[in-house]
Amino acid sequence: MSARDRQSNTAKATVVVGVCGGIAAYKTVELVSRLRQAGHEVHVAMTSAAEQFVQPLTFAAVSGQRVFTRLFPAADQAAGEATYPHLYPATRANFFVVMPATANTLARLVQGAGDDPVTCSALSLPTACRRLFCPAMNVEMWAQPVVQAHAQQLVAQGWVQLGPEQGALACGMAGAGRMAEPETVRAYIESVWAGRQQLRGKRVLIVSGPTREYLDPVRYLSNASSGRMGQALAETAADRGAAVHFITGPVAATALPQRTGIEMVTVTSAHEMDMAAQAALDAADYIVCAAAVADYRPRERQDTKGAKRPDAWSLELVATPDIAAGLGQRKRPDQRLIGFALQTGDGREAARAKLAAKNLDAIVLNHPEALDANEGTYTWITGNQATSWGTLTKHACANRIWDESVGSGPHIP
């Protein structure tokens, strides 16, 4: 039986926890203990620096498993899987957690190094394994541009970052640098594991990001949408087992979803986005229109860049396609269509009007502060019902959308 088959046939997750050399390592003991108590199979790999803070025997006691502290086994352990501590149990892991993730380990993970049990395990993970890292370090270290760049690179590669949190640090300083609490990490793992089959066999169409309407070869009309909401929707749908068809306007690489099971189509203009969405509609079970489509385009596009004029410039604009409304006209009774309404002020009546006019099943009201941000304030509206969700990260909002659209599932921070 392959590692992937073993994963799909077991009711418990296999979790590998990589412990690094930071004072917060002692909190990782609690995570390992809680996961084991929840019935999961938990293994621990440690760097040599981590052993300066917590003894391997402690993790062995709370996990009930042998702890990996070296790349090569002792002579009396060189048999079966024990011969390959850099491969097993990493190759069958459902979750891999680096906690605490030090600045040094972040750099090593980005480099693809494999010279200790933690980084080598990271290189042996199966494609479907969820990779998490929980930064913990001095506030000045965390603020360094190179450390921030390493964290961003890991996220771009599909890793999930939890923390760091604000607060008092062991070094005596205060600020961002506290490791995420063990309960936060446990809840994330449990939530993903519980919801992993919820959309299996379903196809999800997500329309995301801004569009650009060019005036000439270099100038265009657009907006500040980052595409992160669509990214969150695609990743959380894939986490729940869906086959995702993702249509996106121009966004940064870090705002593109990093999951298996996602088919990606890139477009530029509202017309291109509309054509791509219409072509994918029939195959979809769920459709979410999270794109910030430019409402207007120049009536005429110039072939060459025009020179700057000393006087005023009048520009004639025409409306772009209303993508959500077009999909709403064609959707079948068995399809569920969800839209977004970005409004200033309260905005509920305007959102309800859009819900009806576009034949949506639900609409998510948000506000301009969500543009190019990691969080926003959201309200879920269906018919005459409006439920305020308050301020959420975009991944948390995406999970709430799937919870409401499909059924009970994970609420992930």
# chains A, B, ... in the order shown; residues from 1 in each chain; ligands from 1
$ select_by_dssp --residues "segment 264-381 of chain A" --states "alpha helix (DSSP H)" --output "PyMOL selection string"
chain A and resi 270-281+323-330+348-357
$ closest_residue --among "A:Arg186, A:Ala156, A:His271, A:Thr387" --to "Ala252 of chain A" --atoms "only C-alpha atoms"
A:Ala156
$ residues_around --residues "segment 29-32 of chain A" --least-positions-apart "5" --cutoff "9 Å" --atoms "only C-alpha atoms" --output "PDB file with C-alpha atoms, in the first residue's frame"
ATOM      1  CA  VAL A  15       1.620  14.689  12.115  1.00  0.00           C
ATOM      2  CA  VAL A  17       6.466  18.193  14.351  1.00  0.00           C
ATOM      3  CA  GLN A  37      -4.830  12.811  23.018  1.00  0.00           C
ATOM      4  CA  VAL A  42       2.487  12.291  16.220  1.00  0.00           C
ATOM      5  CA  HIS A  43       6.209  12.133  15.495  1.00  0.00           C
ATOM      6  CA  VAL A  44       8.871  14.619  16.511  1.00  0.00           C
ATOM      7  CA  VAL A  54      13.759  20.362  25.706  1.00  0.00           C
ATOM      8  CA  THR A  58      10.084  14.554  26.980  1.00  0.00           C
ATOM      9  CA  PHE A  59       8.735  14.385  23.441  1.00  0.00           C
ATOM     10  CA  VAL A  62       4.133  12.636  25.286  1.00  0.00           C
ATOM     11  CA  SER A  63       4.092  11.313  21.708  1.00  0.00           C
ATOM     12  CA  GLU A 181      -0.267  29.181  20.925  1.00  0.00           C
ATOM     13  CA  PRO A 182      -0.380  25.376  20.796  1.00  0.00           C
ATOM     14  CA  GLU A 183      -4.189  25.465  20.874  1.00  0.00           C
ATOM     15  CA  VAL A 185      -2.087  25.167  15.887  1.00  0.00           C
ATOM     16  CA  ARG A 186      -4.041  22.169  17.165  1.00  0.00           C
TER      17      ARG A 186
END
$ residues_around --residues "Ala24 of chain A" --least-positions-apart "4" --cutoff "9 Å" --atoms "only C-alpha atoms" --output "list of chain:residue names"
A:Thr28, A:Phe53, A:Met99, A:Pro100, A:Ala136, A:Met137, A:Ala170, A:Arg178, A:Met179
$ write_last_selection --atoms "C-alpha atoms" --output "mmCIF file, in the first residue's frame"
data_model
loop_
_atom_site.group_PDB
_atom_site.id
_atom_site.type_symbol
_atom_site.label_atom_id
_atom_site.label_comp_id
_atom_site.auth_asym_id
_atom_site.auth_seq_id
_atom_site.Cartn_x
_atom_site.Cartn_y
_atom_site.Cartn_z
ATOM 1 C CA THR A 28 5.548 22.440 21.505
ATOM 2 C CA PHE A 53 15.757 23.631 25.484
ATOM 3 C CA MET A 99 7.434 24.980 15.801
ATOM 4 C CA PRO A 100 9.152 27.152 16.867
ATOM 5 C CA ALA A 136 9.165 32.627 17.152
ATOM 6 C CA MET A 137 12.074 34.986 17.724
ATOM 7 C CA ALA A 170 11.527 35.933 26.790
ATOM 8 C CA ARG A 178 5.648 35.297 20.232
ATOM 9 C CA MET A 179 4.986 31.840 18.842
#
